[in-house]
Amino acid sequence: MRDATIGDKLDHYELTELLARSGMASVFRALDTLSGQTVVLKVPHFQFESDVVFHERFKREENIGSRLEHPYVVRVLTPKYKTRVYLVMELAEGKSLRAIMDSQRRCTPTFAIDIARQICEALVYMHGKGVIHRDLKPENVLVNENGKIKILDFGIALDEAARRLTWTGFSATVGTPTYMAPEQINGRRGDVRTDIYALGMMLFEMVTGELPFNDSNMNTLMRAKTTEAPLAPSHFMPDIDPSLEEIILHAIERSPKDRYPSAEQMLADLNDPASVKPRDRSQIRASAGFWERIPQPIRTGAIVLAVISALCLLIFSSSKKSPRPPTSQTVDTRVR
């Protein structure tokens with residue numbers, strides 16, 4: 001056995017063009033010889049096909065994708081039969097949002113808001129189905145010539161309706177660091193606000209051409225995201241509309257409780273940006289509890305120190321106790 005390549009036939013699918021290749025899988029344009037339909041196949045590299053965890057992960061992606069049907073979400077198809085591991089999807093034409101952003105330093109606010117609105121509509125639908133994407137980024141959004149989007153890649157999506165799986169061999173921290181929410185960096189599973197954070201970061205980048213955290217050192221980047229407030233879009237673009245800036249900053253608050261609580265609420269603001277009133281963010285951050293404002297590394301160190309101190313105190317106390325001397329005297333405790 002070897003990795004799939006152009007010209008191969010997987011069951012009734014003939015691979016006709018390599019579209020993309022990653023460290024774990026290749027993506028091909030393919031012809032369904034039964035229906036004559038052109039589709040897309042995501043085929044894992046040979047060395048991963050026998051990996052039970054990877055197989056389960058692929059199966060989870062297929063199960064999630066097959067029950068999502070929304071105009072802004074790529075559709076996963078169910079083949080009549082399969083003799084090996086692969087994923088079949090509809091062919092979605094267009095450019096990645098990343099390619100569009102790379103071709104121009106900044107997108108117009110009108111374009112950025114329209115794309116963000118479509119992504120947010122898809123999130124409303126997905127979250128309603130109990131699915132958290134957890135890896136939203138410009139590379140996973142296709143935009144066609146009519147400006148309509150398709151969200152791709154549910155490889156690390158969370159299905160709240162399914163049993164929880166432990167990915168042995170995979171890090172607890174999943175996602176793309178640039179767009180990951182602070183809670184993901186800290187190893188938490190994330191919830192709807194995790195996707196809202198990623199969308200806010202994408203909107204920030206579309207409008208300003210920059211990111212609020214942008215360090216080539218990933219450790220430094222992730223530390224900043226978990227301990228520091230993000231730069232405001234106006235730092236890079238002084239003439240940005242204050243209402244649009246408020247939408248972005250509301251979405252990318254470091255603490256999940258300070259973000260939009262749902263995609264529906266963010267969508268409402270994106271549908272009517274002019275109605276959004278800028279808030280005093282210093283007051284929002286000042287309202288956080290004392291413990292929450294302490295940087296995560298210091299909090300972790302304090303917890304470890306407290307545990308060690310408690311153990312030392314317990315050992316010291318035990319060593320000071322002397323055994324009770326035996327006595328043959330009987331004490332009468334009856335009330336007289």
# chains A, B, ... in the order shown; residues from 1 in each chain; ligands from 1
>>> residues_around(residues="segment 98-100 of chain A", least_positions_apart="5", cutoff="9 Å", atoms="only C-alpha atoms", output="MDAnalysis selection string")
chainID A and resid 107 137:143
>>> write_last_selection(atoms="N, CA and C atoms", output="CSV table (one decimal), in the first residue's frame")
chain,number,residue,atom,x,y,z
A,107,CYS,N,-9.2,44.5,3.7
A,107,CYS,CA,-10.5,44.3,3.0
A,107,CYS,C,-11.3,45.5,3.4
A,137,LYS,N,-10.7,29.7,10.7
A,137,LYS,CA,-9.5,30.5,10.3
A,137,LYS,C,-9.7,30.8,8.8
A,138,PRO,N,-9.1,31.8,8.2
A,138,PRO,CA,-9.3,32.2,6.8
A,138,PRO,C,-9.0,31.0,5.9
A,139,GLU,N,-8.1,30.1,6.2
A,139,GLU,CA,-7.8,28.9,5.4
A,139,GLU,C,-9.0,28.0,5.3
A,140,ASN,N,-9.9,28.0,6.2
A,140,ASN,CA,-11.1,27.1,6.3
A,140,ASN,C,-12.4,27.8,5.8
A,141,VAL,N,-12.2,28.9,5.1
A,141,VAL,CA,-13.4,29.6,4.6
A,141,VAL,C,-13.2,29.8,3.1
A,142,LEU,N,-14.0,29.2,2.2
A,142,LEU,CA,-14.0,29.5,0.8
A,142,LEU,C,-15.0,30.6,0.4
A,143,VAL,N,-14.6,31.4,-0.5
A,143,VAL,CA,-15.5,32.5,-1.0
A,143,VAL,C,-15.6,32.4,-2.5
>>> residues_around(residues="segment 18-31 of chain A", least_positions_apart="4", cutoff="10 Å", atoms="only C-alpha atoms", output="PyMOL selection string")
chain A and resi 3-10+12-14+35-49+54+86-91
>>> write_last_selection(atoms="N, CA and C atoms", output="mmCIF file, in the first residue's frame")
data_model
loop_
_atom_site.group_PDB
_atom_site.id
_atom_site.type_symbol
_atom_site.label_atom_id
_atom_site.label_comp_id
_atom_site.auth_asym_id
_atom_site.auth_seq_id
_atom_site.Cartn_x
_atom_site.Cartn_y
_atom_site.Cartn_z
ATOM 1 N N ASP A 3 0.559 5.973 -0.465
ATOM 2 C CA ASP A 3 -0.332 7.127 -0.423
ATOM 3 C C ASP A 3 -1.109 7.235 -1.734
ATOM 4 N N ALA A 4 -2.345 7.727 -1.646
ATOM 5 C CA ALA A 4 -3.167 7.912 -2.842
ATOM 6 C C ALA A 4 -2.541 8.977 -3.734
ATOM 7 N N THR A 5 -2.735 8.829 -5.039
ATOM 8 C CA THR A 5 -2.197 9.793 -5.993
ATOM 9 C C THR A 5 -3.150 9.941 -7.179
ATOM 10 N N ILE A 6 -2.931 10.970 -7.992
ATOM 11 C CA ILE A 6 -3.787 11.217 -9.161
ATOM 12 C C ILE A 6 -3.813 9.982 -10.053
ATOM 13 N N GLY A 7 -5.009 9.624 -10.512
ATOM 14 C CA GLY A 7 -5.179 8.451 -11.360
ATOM 15 C C GLY A 7 -5.647 7.224 -10.603
ATOM 16 N N ASP A 8 -5.475 7.242 -9.251
ATOM 17 C CA ASP A 8 -5.947 6.109 -8.451
ATOM 18 C C ASP A 8 -7.469 6.069 -8.438
ATOM 19 N N LYS A 9 -7.997 4.884 -8.191
ATOM 20 C CA LYS A 9 -9.437 4.723 -8.050
ATOM 21 C C LYS A 9 -9.721 4.149 -6.671
ATOM 22 N N LEU A 10 -10.408 4.934 -5.863
ATOM 23 C CA LEU A 10 -10.812 4.479 -4.537
ATOM 24 C C LEU A 10 -12.284 4.105 -4.599
ATOM 25 N N HIS A 12 -15.557 3.662 -6.056
ATOM 26 C CA HIS A 12 -16.085 4.185 -7.316
ATOM 27 C C HIS A 12 -15.703 5.653 -7.532
ATOM 28 N N TYR A 13 -14.611 6.094 -6.890
ATOM 29 C CA TYR A 13 -14.137 7.469 -7.062
ATOM 30 C C TYR A 13 -12.773 7.458 -7.753
ATOM 31 N N GLU A 14 -12.644 8.223 -8.820
ATOM 32 C CA GLU A 14 -11.390 8.326 -9.551
ATOM 33 C C GLU A 14 -10.745 9.676 -9.244
ATOM 34 N N SER A 35 -22.279 8.186 -10.382
ATOM 35 C CA SER A 35 -23.237 9.269 -10.629
ATOM 36 C C SER A 35 -22.749 10.268 -11.672
ATOM 37 N N GLY A 36 -21.437 10.249 -11.959
ATOM 38 C CA GLY A 36 -20.867 11.232 -12.868
ATOM 39 C C GLY A 36 -20.618 12.571 -12.202
ATOM 40 N N GLN A 37 -20.824 12.649 -10.891
ATOM 41 C CA GLN A 37 -20.676 13.895 -10.144
ATOM 42 C C GLN A 37 -19.211 14.123 -9.777
ATOM 43 N N THR A 38 -18.778 15.391 -9.820
ATOM 44 C CA THR A 38 -17.445 15.746 -9.358
ATOM 45 C C THR A 38 -17.517 16.072 -7.875
ATOM 46 N N VAL A 39 -16.658 15.450 -7.092
ATOM 47 C CA VAL A 39 -16.665 15.620 -5.641
ATOM 48 C C VAL A 39 -15.235 15.887 -5.163
ATOM 49 N N VAL A 40 -15.089 16.000 -3.864
ATOM 50 C CA VAL A 40 -13.770 16.173 -3.237
ATOM 51 C C VAL A 40 -13.558 15.032 -2.258
ATOM 52 N N LEU A 41 -12.369 14.415 -2.305
ATOM 53 C CA LEU A 41 -12.007 13.351 -1.374
ATOM 54 C C LEU A 41 -10.853 13.806 -0.490
ATOM 55 N N LYS A 42 -11.021 13.613 0.805
ATOM 56 C CA LYS A 42 -9.945 13.852 1.761
ATOM 57 C C LYS A 42 -9.425 12.480 2.172
ATOM 58 N N VAL A 43 -8.191 12.176 1.778
ATOM 59 C CA VAL A 43 -7.631 10.834 1.967
ATOM 60 C C VAL A 43 -6.438 10.906 2.913
ATOM 61 N N PRO A 44 -6.477 10.203 4.048
ATOM 62 C CA PRO A 44 -5.329 10.236 4.959
ATOM 63 C C PRO A 44 -4.105 9.560 4.342
ATOM 64 N N HIS A 45 -2.933 9.995 4.743
ATOM 65 C CA HIS A 45 -1.713 9.344 4.282
ATOM 66 C C HIS A 45 -1.690 7.915 4.824
ATOM 67 N N PHE A 46 -1.027 7.053 4.080
ATOM 68 C CA PHE A 46 -1.076 5.622 4.359
ATOM 69 C C PHE A 46 -0.700 5.284 5.804
ATOM 70 N N GLN A 47 0.314 5.950 6.353
ATOM 71 C CA GLN A 47 0.790 5.587 7.691
ATOM 72 C C GLN A 47 -0.245 5.853 8.778
ATOM 73 N N PHE A 48 -1.276 6.676 8.474
ATOM 74 C CA PHE A 48 -2.295 6.973 9.472
ATOM 75 C C PHE A 48 -3.540 6.085 9.341
ATOM 76 N N GLU A 49 -3.668 5.384 8.226
ATOM 77 C CA GLU A 49 -4.891 4.622 7.983
ATOM 78 C C GLU A 49 -5.122 3.532 9.018
ATOM 79 N N PHE A 54 -6.782 7.962 14.816
ATOM 80 C CA PHE A 54 -6.967 8.775 13.617
ATOM 81 C C PHE A 54 -8.214 8.321 12.856
ATOM 82 N N TYR A 86 -11.564 7.409 3.997
ATOM 83 C CA TYR A 86 -11.514 8.698 3.311
ATOM 84 C C TYR A 86 -12.826 9.421 3.548
ATOM 85 N N LEU A 87 -12.841 10.696 3.211
ATOM 86 C CA LEU A 87 -14.017 11.544 3.415
ATOM 87 C C LEU A 87 -14.447 12.108 2.073
ATOM 88 N N VAL A 88 -15.747 12.057 1.787
ATOM 89 C CA VAL A 88 -16.277 12.567 0.522
ATOM 90 C C VAL A 88 -17.073 13.834 0.796
ATOM 91 N N MET A 89 -16.779 14.895 0.049
ATOM 92 C CA MET A 89 -17.463 16.174 0.247
ATOM 93 C C MET A 89 -17.913 16.753 -1.091
ATOM 94 N N GLU A 90 -18.886 17.655 -1.012
ATOM 95 C CA GLU A 90 -19.292 18.361 -2.221
ATOM 96 C C GLU A 90 -18.131 19.222 -2.714
ATOM 97 N N LEU A 91 -18.091 19.474 -4.001
ATOM 98 C CA LEU A 91 -17.079 20.361 -4.565
ATOM 99 C C LEU A 91 -17.547 21.803 -4.404
#
>>> closest_residue(among="A:Ala92, A:Ala116, A:Ile240, A:Ala268", to="Val73 of chain A", atoms="only C-alpha atoms")
A:Ala92
>>> residues_around(residues="Asp159 of chain A", least_positions_apart="6", cutoff="9 Å", atoms="only C-alpha atoms", output="list in words")
Arg60, Ile64, Lys129, Gly130, Val131, Ile132 and His133 of chain A
>>> residues_around(residues="segment 220-231 of chain A", least_positions_apart="5", cutoff="8 Å", atoms="only C-alpha atoms", output="list in words")
Pro177, Thr178, Ala181, Pro182, Glu183, Ile185, Asn186, Pro212, Phe213, Asn214, Asp215, Ile252, Glu253, Arg254, Ile294, Pro295 and Gln296 of chain A
>>> atom_distance(atom1="atom CA of Cys120 of chain A", atom2="atom CA of Met218 of chain A")
27.5 Å
>>> atom_distance(atom1="atom CA of Thr33 of chain A", atom2="atom CA of Lys80 of chain A")
12.0 Å
>>> select_by_dssp(residues="segment 49-202 of chain A", states="helix (DSSP H, G or I)", output="PyMOL selection string")
chain A and resi 49+52-66+97-103+109-128+138-140+182-185+192-202
>>> write_last_selection(atoms="C-alpha atoms", output="CSV table (one decimal), in the first residue's frame")
chain,number,residue,atom,x,y,z
A,49,GLU,CA,-4.9,4.6,8.0
A,52,VAL,CA,-7.3,3.6,15.5
A,53,VAL,CA,-7.4,7.1,17.0
A,54,PHE,CA,-7.0,8.8,13.6
A,55,HIS,CA,-9.6,6.5,12.1
A,56,GLU,CA,-12.0,7.4,14.9
A,57,ARG,CA,-11.3,11.1,14.3
A,58,PHE,CA,-12.0,10.8,10.6
A,59,LYS,CA,-15.2,9.0,11.5
A,60,ARG,CA,-16.2,11.7,13.9
A,61,GLU,CA,-15.6,14.4,11.2
A,62,GLU,CA,-17.8,12.4,8.7
A,63,ASN,CA,-20.6,12.0,11.2
A,64,ILE,CA,-20.6,15.7,12.1
A,65,GLY,CA,-20.4,16.8,8.5
A,66,SER,CA,-23.1,14.4,7.3
A,97,LEU,CA,-10.4,33.8,2.5
A,98,ARG,CA,-6.7,33.6,3.2
A,99,ALA,CA,-5.9,34.0,-0.5
A,100,ILE,CA,-8.2,37.0,-0.7
A,101,MET,CA,-6.7,38.6,2.4
A,102,ASP,CA,-3.1,38.0,1.1
A,103,SER,CA,-4.0,39.7,-2.2
A,109,PRO,CA,-15.3,47.2,6.0
A,110,THR,CA,-18.4,46.3,3.8
A,111,PHE,CA,-16.7,43.1,2.5
A,112,ALA,CA,-15.4,42.2,6.0
A,113,ILE,CA,-18.8,42.7,7.6
A,114,ASP,CA,-20.6,40.7,4.9
A,115,ILE,CA,-18.2,37.7,5.2
A,116,ALA,CA,-18.4,37.9,9.0
A,117,ARG,CA,-22.2,38.0,8.8
A,118,GLN,CA,-22.3,34.8,6.7
A,119,ILE,CA,-19.8,33.0,9.0
A,120,CYS,CA,-21.9,34.0,12.0
A,121,GLU,CA,-25.1,32.7,10.3
A,122,ALA,CA,-23.4,29.4,9.8
A,123,LEU,CA,-22.3,29.4,13.5
A,124,VAL,CA,-25.9,30.1,14.6
A,125,TYR,CA,-26.9,27.0,12.7
A,126,MET,CA,-24.0,24.8,13.8
A,127,HIS,CA,-24.2,25.7,17.4
A,128,GLY,CA,-27.9,25.0,17.3
A,138,PRO,CA,-9.3,32.2,6.8
A,139,GLU,CA,-7.8,28.9,5.4
A,140,ASN,CA,-11.1,27.1,6.3
A,182,PRO,CA,-7.3,31.7,25.4
A,183,GLU,CA,-9.3,28.9,27.0
A,184,GLN,CA,-8.2,26.5,24.1
A,185,ILE,CA,-4.6,27.4,24.8
A,192,VAL,CA,-19.8,28.5,21.4
A,193,ARG,CA,-17.7,31.5,22.6
A,194,THR,CA,-14.6,29.8,21.3
A,195,ASP,CA,-15.9,30.1,17.7
A,196,ILE,CA,-17.0,33.7,18.4
A,197,TYR,CA,-13.4,34.5,19.4
A,198,ALA,CA,-12.0,33.1,16.2
A,199,LEU,CA,-14.5,35.0,14.1
A,200,GLY,CA,-13.6,38.2,15.9
A,201,MET,CA,-9.9,37.6,15.2
A,202,MET,CA,-10.7,37.0,11.5
>>> select_by_dssp(residues="segment 8-215 of chain A", states="strand (DSSP E or B)", output="MDAnalysis selection string")
chainID A and resid 9:10 13:21 25:32 38:44 73 76:77 87:90 95:96 131:132 141:143 149:151 158:159
>>> write_last_selection(atoms="N, CA and C atoms", output="tab-separated table (two decimals), in the first residue's frame")
chain	number	residue	atom	x	y	z
A	9	LYS	N	-8.00	4.88	-8.19
A	9	LYS	CA	-9.44	4.72	-8.05
A	9	LYS	C	-9.72	4.15	-6.67
A	10	LEU	N	-10.41	4.93	-5.86
A	10	LEU	CA	-10.81	4.48	-4.54
A	10	LEU	C	-12.28	4.11	-4.60
A	13	TYR	N	-14.61	6.09	-6.89
A	13	TYR	CA	-14.14	7.47	-7.06
A	13	TYR	C	-12.77	7.46	-7.75
A	14	GLU	N	-12.64	8.22	-8.82
A	14	GLU	CA	-11.39	8.33	-9.55
A	14	GLU	C	-10.75	9.68	-9.24
A	15	LEU	N	-9.53	9.65	-8.71
A	15	LEU	CA	-8.83	10.88	-8.32
A	15	LEU	C	-8.27	11.57	-9.56
A	16	THR	N	-8.70	12.82	-9.76
A	16	THR	CA	-8.33	13.51	-11.00
A	16	THR	C	-7.39	14.70	-10.80
A	17	GLU	N	-7.35	15.28	-9.58
A	17	GLU	CA	-6.51	16.47	-9.36
A	17	GLU	C	-6.20	16.60	-7.88
A	18	LEU	N	-4.94	16.89	-7.55
A	18	LEU	CA	-4.55	17.15	-6.17
A	18	LEU	C	-4.84	18.61	-5.84
A	19	LEU	N	-5.68	18.84	-4.85
A	19	LEU	CA	-6.05	20.20	-4.47
A	19	LEU	C	-5.22	20.73	-3.32
A	20	ALA	N	-4.87	19.85	-2.39
A	20	ALA	CA	-4.08	20.28	-1.23
A	20	ALA	C	-3.47	19.06	-0.56
A	21	ARG	N	-2.38	19.30	0.16
A	21	ARG	CA	-1.74	18.22	0.90
A	21	ARG	C	-1.26	18.76	2.24
A	25	ALA	N	-3.05	14.30	5.51
A	25	ALA	CA	-3.99	13.87	4.46
A	25	ALA	C	-3.78	14.68	3.19
A	26	SER	N	-4.30	14.13	2.10
A	26	SER	CA	-4.32	14.84	0.81
A	26	SER	C	-5.77	15.05	0.40
A	27	VAL	N	-6.02	16.15	-0.29
A	27	VAL	CA	-7.36	16.48	-0.75
A	27	VAL	C	-7.37	16.47	-2.28
A	28	PHE	N	-8.27	15.67	-2.86
A	28	PHE	CA	-8.33	15.50	-4.31
A	28	PHE	C	-9.69	15.90	-4.88
A	29	ARG	N	-9.67	16.45	-6.08
A	29	ARG	CA	-10.88	16.50	-6.89
A	29	ARG	C	-11.05	15.09	-7.45
A	30	ALA	N	-12.29	14.59	-7.46
A	30	ALA	CA	-12.50	13.21	-7.89
A	30	ALA	C	-13.81	13.09	-8.67
A	31	LEU	N	-13.88	12.07	-9.48
A	31	LEU	CA	-15.08	11.78	-10.26
A	31	LEU	C	-15.77	10.57	-9.66
A	32	ASP	N	-17.05	10.76	-9.32
A	32	ASP	CA	-17.87	9.63	-8.87
A	32	ASP	C	-18.35	8.90	-10.13
A	38	THR	N	-18.78	15.39	-9.82
A	38	THR	CA	-17.45	15.75	-9.36
A	38	THR	C	-17.52	16.07	-7.88
A	39	VAL	N	-16.66	15.45	-7.09
A	39	VAL	CA	-16.66	15.62	-5.64
A	39	VAL	C	-15.24	15.89	-5.16
A	40	VAL	N	-15.09	16.00	-3.86
A	40	VAL	CA	-13.77	16.17	-3.24
A	40	VAL	C	-13.56	15.03	-2.26
A	41	LEU	N	-12.37	14.42	-2.31
A	41	LEU	CA	-12.01	13.35	-1.37
A	41	LEU	C	-10.85	13.81	-0.49
A	42	LYS	N	-11.02	13.61	0.81
A	42	LYS	CA	-9.94	13.85	1.76
A	42	LYS	C	-9.42	12.48	2.17
A	43	VAL	N	-8.19	12.18	1.78
A	43	VAL	CA	-7.63	10.83	1.97
A	43	VAL	C	-6.44	10.91	2.91
A	44	PRO	N	-6.48	10.20	4.05
A	44	PRO	CA	-5.33	10.24	4.96
A	44	PRO	C	-4.10	9.56	4.34
A	73	VAL	N	-22.07	25.96	4.76
A	73	VAL	CA	-21.25	24.88	5.32
A	73	VAL	C	-21.06	23.82	4.24
A	76	VAL	N	-20.95	17.12	3.56
A	76	VAL	CA	-20.25	15.83	3.55
A	76	VAL	C	-21.21	14.78	3.00
A	77	LEU	N	-20.73	14.00	2.04
A	77	LEU	CA	-21.56	13.01	1.36
A	77	LEU	C	-21.30	11.62	1.92
A	87	LEU	N	-12.84	10.70	3.21
A	87	LEU	CA	-14.02	11.54	3.42
A	87	LEU	C	-14.45	12.11	2.07
A	88	VAL	N	-15.75	12.06	1.79
A	88	VAL	CA	-16.28	12.57	0.52
A	88	VAL	C	-17.07	13.83	0.80
A	89	MET	N	-16.78	14.90	0.05
A	89	MET	CA	-17.46	16.17	0.25
A	89	MET	C	-17.91	16.75	-1.09
A	90	GLU	N	-18.89	17.66	-1.01
A	90	GLU	CA	-19.29	18.36	-2.22
A	90	GLU	C	-18.13	19.22	-2.71
A	95	LYS	N	-12.14	30.86	-3.84
A	95	LYS	CA	-10.82	31.10	-3.26
A	95	LYS	C	-10.94	31.05	-1.74
A	96	SER	N	-9.86	30.65	-1.10
A	96	SER	CA	-9.87	30.70	0.36
A	96	SER	C	-9.85	32.16	0.80
A	131	VAL	N	-22.71	21.65	17.50
A	131	VAL	CA	-21.38	21.50	16.90
A	131	VAL	C	-20.57	22.77	17.09
A	132	ILE	N	-19.39	22.63	17.68
A	132	ILE	CA	-18.45	23.75	17.83
A	132	ILE	C	-17.29	23.47	16.87
A	141	VAL	N	-12.24	28.88	5.12
A	141	VAL	CA	-13.42	29.56	4.56
A	141	VAL	C	-13.18	29.81	3.07
A	142	LEU	N	-14.05	29.25	2.24
A	142	LEU	CA	-13.99	29.49	0.79
A	142	LEU	C	-14.98	30.58	0.43
A	143	VAL	N	-14.59	31.44	-0.49
A	143	VAL	CA	-15.46	32.52	-0.97
A	143	VAL	C	-15.58	32.39	-2.48
A	149	ILE	N	-19.92	32.17	0.98
A	149	ILE	CA	-18.89	31.38	1.65
A	149	ILE	C	-19.28	29.92	1.83
A	150	LYS	N	-18.26	29.11	2.11
A	150	LYS	CA	-18.42	27.74	2.57
A	150	LYS	C	-17.38	27.50	3.66
A	151	ILE	N	-17.82	27.02	4.80
A	151	ILE	CA	-16.90	26.68	5.89
A	151	ILE	C	-16.48	25.22	5.73
A	158	LEU	N	-16.11	19.87	17.88
A	158	LEU	CA	-16.67	19.25	19.07
A	158	LEU	C	-18.16	19.02	18.84
A	159	ASP	N	-18.58	17.78	19.01
A	159	ASP	CA	-19.99	17.43	18.89
A	159	ASP	C	-20.53	17.22	20.29
>>> closest_residue(among="A:Lys82, A:Arg67, A:Arg279, A:Arg106", to="Leu203 of chain A", atoms="only C-alpha atoms")
A:Arg106
